Structures are given as structure tokens and as C-alpha cells.
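Trainee: Handing you this structure, nothing more for now.
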Amino acid sequence: HPLSEQRPRVEEILYRAGESLITQDTSWYVNAFSDYGANSGNVILEHLVTSYPSSNRLADAYRLRGDWRLRRGEFEDAQQNFIDLVSFRSDSEWTPYALYQIAMSQFFQLSGPEYDLQEIELARSELLELLRNPPERPDFQASAQQALATVNLWISQRHLKIADYYARVGNPAGEKLHLERAVATGPDLEPGKAAAARLAAMQNPTPQGDASPSPNR
């Protein structure tokens with residue numbers, strides 16, 4: 001009942017039950033139901049955030065659900081849990097942690113330079129935004145910087161490959177555009193250096209032949 005005096009007690013019981021189940025160590029299980037308890041904890045915490053949106057435990061519940069999804073490799077769902085935490089409890093002590101995990105979850109959804117370019121660039125934007133106000137934890141800051149370096153490499157590689165395609169089909173304008181983007185993303189990276197060399201060659205093409213007469217004639 002929304003006006004029940006027992007609501008605070010119910011919220012705390014739900015949170016404690018969900019927390020206990022979702023964080024339990026299931027490493028000693030050997031059957032197909034090894035994650036049953038954690039699943040149940042997630043269901044309980046989902047009920048808590050849905051039915052008690054004003055709960056003092058809201059941020060904690062979202063954080064626990066997000067961490068559980070990360071452990072399972074469900075990065076898109078984990079990201080959504082952390083987005084919800086920031087959206088509904090921006091004043092929480094977990095907000096800096098959630099912002100870090102939002103950016104890293106976007107990165108972990110990627111699988112290399114062949115992945116959707118728009119998603120890779122979105123990951124880059126998330127990481128750049130995060131590093132404008134770097135996490136206080138040195139390990140978080142280092143992992144975010146490493147992720148950004150990887151994403152920059154992938155974007156530069158991708159633009160270089162697109163430039164290769166335009167070169168094959170005889171579209172110098174498209175080739176030049178993507179060579180420039182490869183350089184802009186990573187001028188000190190190998191793909192960026194290769195792109196810069198190609199741009200220089202396009203601007204100063206090698207003469208096709210020497211028109212001057214041979215001295216032996």
C-alpha cells in the first residue's frame with residue numbers, strides 16, 4: 001500500500017534479499033542452475049526499483065544490477081542500469097562509478113575495427129566525455145585511457161580501409177576524405193601515418209614520365 005507505514009521496512013527487506021542473492025558466490029555450483037540465486041536477486045531488485053522509485057536504496061539496486069550484468073558479459077543491459085542510476089539518482093555517491101561503467105560498457109560492446117563505425121565513434125565520445133573529468137581511481141582512469149587509445153586505433157584503421165575502397169573504385173574525393181579522417185583520429189598511430197603519407201602523395205603526384213630528351217639521342 002503506498003501509504004503503509006511498513007514501506008520502509010519492505011524496501012529494506014527487498015534490498016537486503018536482492019543484494020544477498022545477486023552477490024552470492026556461485027563458483028562451487030556445478031549444475032545448470034548455478035546462477036539461479038543471482039537471477040532471483042536481480043528479479044527482486046528489479047521489483048524494488050520498479051515498485052519503489054523513491055527508495056533510498058534505488059542507486060544501490062541499480063549499481064548491483066549493473067555489476068551483475070557486467071559479470072555476465074551483458075554490456076548493453078549493464079549500461080542501461082548505470083544510465084538509470086545517473087538519470088534517477090544523479091546525486092548518489094555511485095554516480096562517478098556509473099559514469100565510468102557507462103563509457104566502458106559502450107567500449108566492451110565493440111569487437112574491433114570492423115564493428116559498426118557509428119557505435120565505435122559513440123564509444124569514443126563516451127570515453128572522451130568521461131576523461132574530461134577523470135575518475136579518481138587511478139585504475140579506472142588508466143583503463144579508460146587504454147580503451148580510448150584502442151578505439152582511436154580502430155577508427156583510424158576503419159577510415160583507412162574505407163579510403164582503400166574508394167581508391168579501388170576510382171573515387172579520389174572519397175579516398176581523400178577518409179584519409180583525412182584517419183589522420184585526424186590518430187596522427188601518431190600507424191594507420192594515421194600511412195594515411196598522411198598517401199595524402200602527401202595525392203597532393204604531390206609523381207610525374208608519369210620525364211619529357212626531356214635523352215642525352216644519348
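Within each chain, counting starts at residue 1; across the C-alpha cells, chains are named A, B, ... in the order shown, with ligands numbered 1 upward in that order.
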Using backbone DSSP assignments, extract all helix (DSSP H, G or I) residues from segment 56-123 of chain A; output them as a PyMOL selection string.

Mentor: chain A and resi 58-71+75-88+95-108+117-123

Trainee: If you count only C-alpha atoms, which residues fall within 12 Å of Glu190 of chain A, apart from same-chain ones fewer than 2 positions away, as a VMD selection string?

Mentor: chain A and resid 152 to 157 160 182 to 183 185 to 188 192 to 197

Trainee: Could you please determine the separation between atom CA of Asn171 of chain A and atom CA of Ser125 of chain A in Å, to one decimal place?

Mentor: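 According to the coordinates, atom CA of Asn171 of chain A and atom CA of Ser125 of chain A are separated by 29.2 Å.
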
Trainee: Extract, using only C-alpha atoms, all DNA, RNA and protein residues at most 8 Å from Ile22 of chain A, discarding same-chain residues fewer than 2 positions from it, and format them as a list of chain:residue names.

Mentor: A:Gly18, A:Glu19, A:Ser20, A:Gln24, A:Gly37, A:Ala38, A:Asn39, A:Ser40, A:Gly41, A:Asn42, A:Leu64, A:Arg65, A:Trp68

Trainee: Near His178 of chain A, counting only C-alpha atoms, which residues have an atom at most 10 Å away, once you skip same-chain residues fewer than 6 positions from it, shown as a PyMOL selection string?

Mentor: chain A and resi 156+158-164+166+184+195

Trainee: Take the residues that were just selected and, keeping N, CA and C atoms, output them as an mmCIF file, in the first residue's frame.

Mentor:
data_model
loop_
_atom_site.group_PDB
_atom_site.id
_atom_site.type_symbol
_atom_site.label_atom_id
_atom_site.label_comp_id
_atom_site.auth_asym_id
_atom_site.auth_seq_id
_atom_site.Cartn_x
_atom_site.Cartn_y
_atom_site.Cartn_z
ATOM 1 N N SER A 156 40.784 4.875 -36.815
ATOM 2 C CA SER A 156 41.770 5.224 -37.826
ATOM 3 C C SER A 156 41.931 4.091 -38.847
ATOM 4 N N ARG A 158 39.668 1.878 -39.579
ATOM 5 C CA ARG A 158 38.436 1.776 -40.360
ATOM 6 C C ARG A 158 38.409 2.809 -41.480
ATOM 7 N N HIS A 159 38.789 4.041 -41.172
ATOM 8 C CA HIS A 159 38.790 5.079 -42.209
ATOM 9 C C HIS A 159 39.827 4.768 -43.294
ATOM 10 N N LEU A 160 40.943 4.167 -42.912
ATOM 11 C CA LEU A 160 41.957 3.801 -43.898
ATOM 12 C C LEU A 160 41.415 2.722 -44.838
ATOM 13 N N LYS A 161 40.667 1.780 -44.295
ATOM 14 C CA LYS A 161 40.071 0.732 -45.125
ATOM 15 C C LYS A 161 39.008 1.305 -46.067
ATOM 16 N N ILE A 162 38.238 2.252 -45.565
ATOM 17 C CA ILE A 162 37.233 2.891 -46.428
ATOM 18 C C ILE A 162 37.926 3.669 -47.545
ATOM 19 N N ALA A 163 39.041 4.324 -47.193
ATOM 20 C CA ALA A 163 39.815 5.040 -48.211
ATOM 21 C C ALA A 163 40.331 4.059 -49.271
ATOM 22 N N ASP A 164 40.746 2.869 -48.837
ATOM 23 C CA ASP A 164 41.192 1.843 -49.790
ATOM 24 C C ASP A 164 40.080 1.491 -50.769
ATOM 25 N N TYR A 166 37.516 3.382 -51.698
ATOM 26 C CA TYR A 166 37.289 4.478 -52.649
ATOM 27 C C TYR A 166 38.412 4.559 -53.682
ATOM 28 N N ALA A 184 43.138 12.562 -38.689
ATOM 29 C CA ALA A 184 42.572 13.371 -37.603
ATOM 30 C C ALA A 184 42.355 12.540 -36.345
ATOM 31 N N ALA A 195 48.022 7.055 -43.723
ATOM 32 C CA ALA A 195 47.068 7.936 -44.394
ATOM 33 C C ALA A 195 47.714 9.274 -44.740
#

Trainee: Any idea what's packed within 12 Å of Ala98 of chain A, counting only C-alpha atoms, ignoring anything in its chain fewer than 6 positions away? Could you give it as number ranges by chain?

Mentor: A: 59-60, 62-67, 78-92, 104-105, 130, 135, 140

Trainee: For Tyr100 of chain A, which residue among A:Asn56, A:Gln145, A:Gln118, A:Asn204 is the nearest when counting only C-alpha atoms?

Mentor: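 Using only C-alpha atoms, the shortest distance to Tyr100 of chain A belongs to A:Gln145.
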
Trainee: What does the distance between atom CA of Lys176 of chain A and atom CA of Ala200 of chain A come to in Å, to one decimal place?

Mentor: 10.3 Å

Trainee: Measuring between only C-alpha atoms, which one of A:Ile102, A:Glu136, A:Gln141, A:Tyr36 shows the shortest distance to Ala123 of chain A?

Mentor: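 Smallest separation from Ala123 of chain A among the options: A:Ile102.
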
Trainee: Please determine, counting only C-alpha atoms, which residue among A:Val151, A:Met202, A:Ala144, A:Leu128 has the shortest atom-to-atom distance to Tyr115 of chain A.

Mentor: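 Ranked by minimum distance to Tyr115 of chain A, first place goes to A:Val151.
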
Trainee: Please determine, counting only C-alpha atoms, which residue among A:Thr95, A:Ser143, A:Thr150, A:Ser4 has the shortest atom-to-atom distance to Ser111 of chain A.

Mentor: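 For Ser111 of chain A, the nearest of the candidates is A:Thr150.
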
Trainee: Leaving out Gln106 of chain A and any residue of its chain fewer than 2 positions from it, which residues lie within 9 Å of it when counting only C-alpha atoms, given as a PyMOL selection string?

Mentor: chain A and resi 75-76+79+101-104+108-110+119-120+122-124+126-127

Trainee: What would the file look like if the residues just selected were written as a JSON list (two decimals), in the first residue's frame with N, CA, C and O atoms?

Mentor:
[["chain", "number", "residue", "atom", "x", "y", "z"],
["A", 75, "PHE", "N", 26.71, -6.36, -21.69],
["A", 75, "PHE", "CA", 27.18, -4.98, -21.56],
["A", 75, "PHE", "C", 26.10, -3.95, -21.89],
["A", 75, "PHE", "O", 26.05, -2.88, -21.28],
["A", 76, "GLU", "N", 25.24, -4.24, -22.84],
["A", 76, "GLU", "CA", 24.19, -3.29, -23.18],
["A", 76, "GLU", "C", 23.20, -3.13, -22.04],
["A", 76, "GLU", "O", 22.81, -2.01, -21.68],
["A", 79, "GLN", "N", 24.90, -1.30, -19.17],
["A", 79, "GLN", "CA", 24.97, 0.13, -19.45],
["A", 79, "GLN", "C", 23.64, 0.81, -19.12],
["A", 79, "GLN", "O", 23.62, 1.90, -18.54],
["A", 101, "GLN", "N", 31.31, 3.24, -15.81],
["A", 101, "GLN", "CA", 30.81, 1.98, -16.36],
["A", 101, "GLN", "C", 29.97, 2.20, -17.62],
["A", 101, "GLN", "O", 29.93, 1.33, -18.49],
["A", 102, "ILE", "N", 29.30, 3.33, -17.73],
["A", 102, "ILE", "CA", 28.55, 3.64, -18.96],
["A", 102, "ILE", "C", 29.51, 3.71, -20.14],
["A", 102, "ILE", "O", 29.27, 3.12, -21.20],
["A", 103, "ALA", "N", 30.61, 4.43, -19.96],
["A", 103, "ALA", "CA", 31.59, 4.56, -21.04],
["A", 103, "ALA", "C", 32.26, 3.22, -21.35],
["A", 103, "ALA", "O", 32.40, 2.84, -22.52],
["A", 104, "MET", "N", 32.65, 2.49, -20.32],
["A", 104, "MET", "CA", 33.34, 1.23, -20.54],
["A", 104, "MET", "C", 32.41, 0.16, -21.11],
["A", 104, "MET", "O", 32.83, -0.67, -21.93],
["A", 108, "PHE", "N", 33.04, -2.10, -24.35],
["A", 108, "PHE", "CA", 33.03, -3.57, -24.31],
["A", 108, "PHE", "C", 32.03, -4.18, -25.29],
["A", 108, "PHE", "O", 32.12, -5.38, -25.60],
["A", 109, "GLN", "N", 31.09, -3.39, -25.78],
["A", 109, "GLN", "CA", 30.16, -3.90, -26.78],
["A", 109, "GLN", "C", 30.80, -4.01, -28.16],
["A", 109, "GLN", "O", 30.26, -4.66, -29.05],
["A", 110, "LEU", "N", 31.96, -3.40, -28.34],
["A", 110, "LEU", "CA", 32.63, -3.41, -29.63],
["A", 110, "LEU", "C", 33.46, -4.67, -29.80],
["A", 110, "LEU", "O", 33.83, -5.32, -28.82],
["A", 119, "GLU", "N", 28.87, 3.09, -33.83],
["A", 119, "GLU", "CA", 28.97, 2.62, -32.45],
["A", 119, "GLU", "C", 30.38, 2.84, -31.91],
["A", 119, "GLU", "O", 30.56, 3.17, -30.73],
["A", 120, "ILE", "N", 31.39, 2.64, -32.76],
["A", 120, "ILE", "CA", 32.77, 2.88, -32.32],
["A", 120, "ILE", "C", 32.96, 4.35, -31.98],
["A", 120, "ILE", "O", 33.58, 4.70, -30.96],
["A", 122, "LEU", "N", 30.65, 6.41, -31.08],
["A", 122, "LEU", "CA", 29.90, 6.70, -29.86],
["A", 122, "LEU", "C", 30.72, 6.32, -28.64],
["A", 122, "LEU", "O", 30.74, 7.06, -27.64],
["A", 123, "ALA", "N", 31.40, 5.18, -28.70],
["A", 123, "ALA", "CA", 32.27, 4.78, -27.59],
["A", 123, "ALA", "C", 33.37, 5.81, -27.37],
["A", 123, "ALA", "O", 33.70, 6.15, -26.23],
["A", 124, "ARG", "N", 33.92, 6.31, -28.45],
["A", 124, "ARG", "CA", 34.97, 7.35, -28.34],
["A", 124, "ARG", "C", 34.42, 8.59, -27.66],
["A", 124, "ARG", "O", 35.07, 9.17, -26.78],
["A", 126, "GLU", "N", 31.89, 8.79, -25.56],
["A", 126, "GLU", "CA", 31.65, 8.48, -24.15],
["A", 126, "GLU", "C", 32.95, 8.53, -23.35],
["A", 126, "GLU", "O", 33.00, 9.07, -22.24],
["A", 127, "LEU", "N", 34.01, 7.96, -23.92],
["A", 127, "LEU", "CA", 35.29, 7.92, -23.22],
["A", 127, "LEU", "C", 35.90, 9.31, -23.10],
["A", 127, "LEU", "O", 36.47, 9.67, -22.06]]
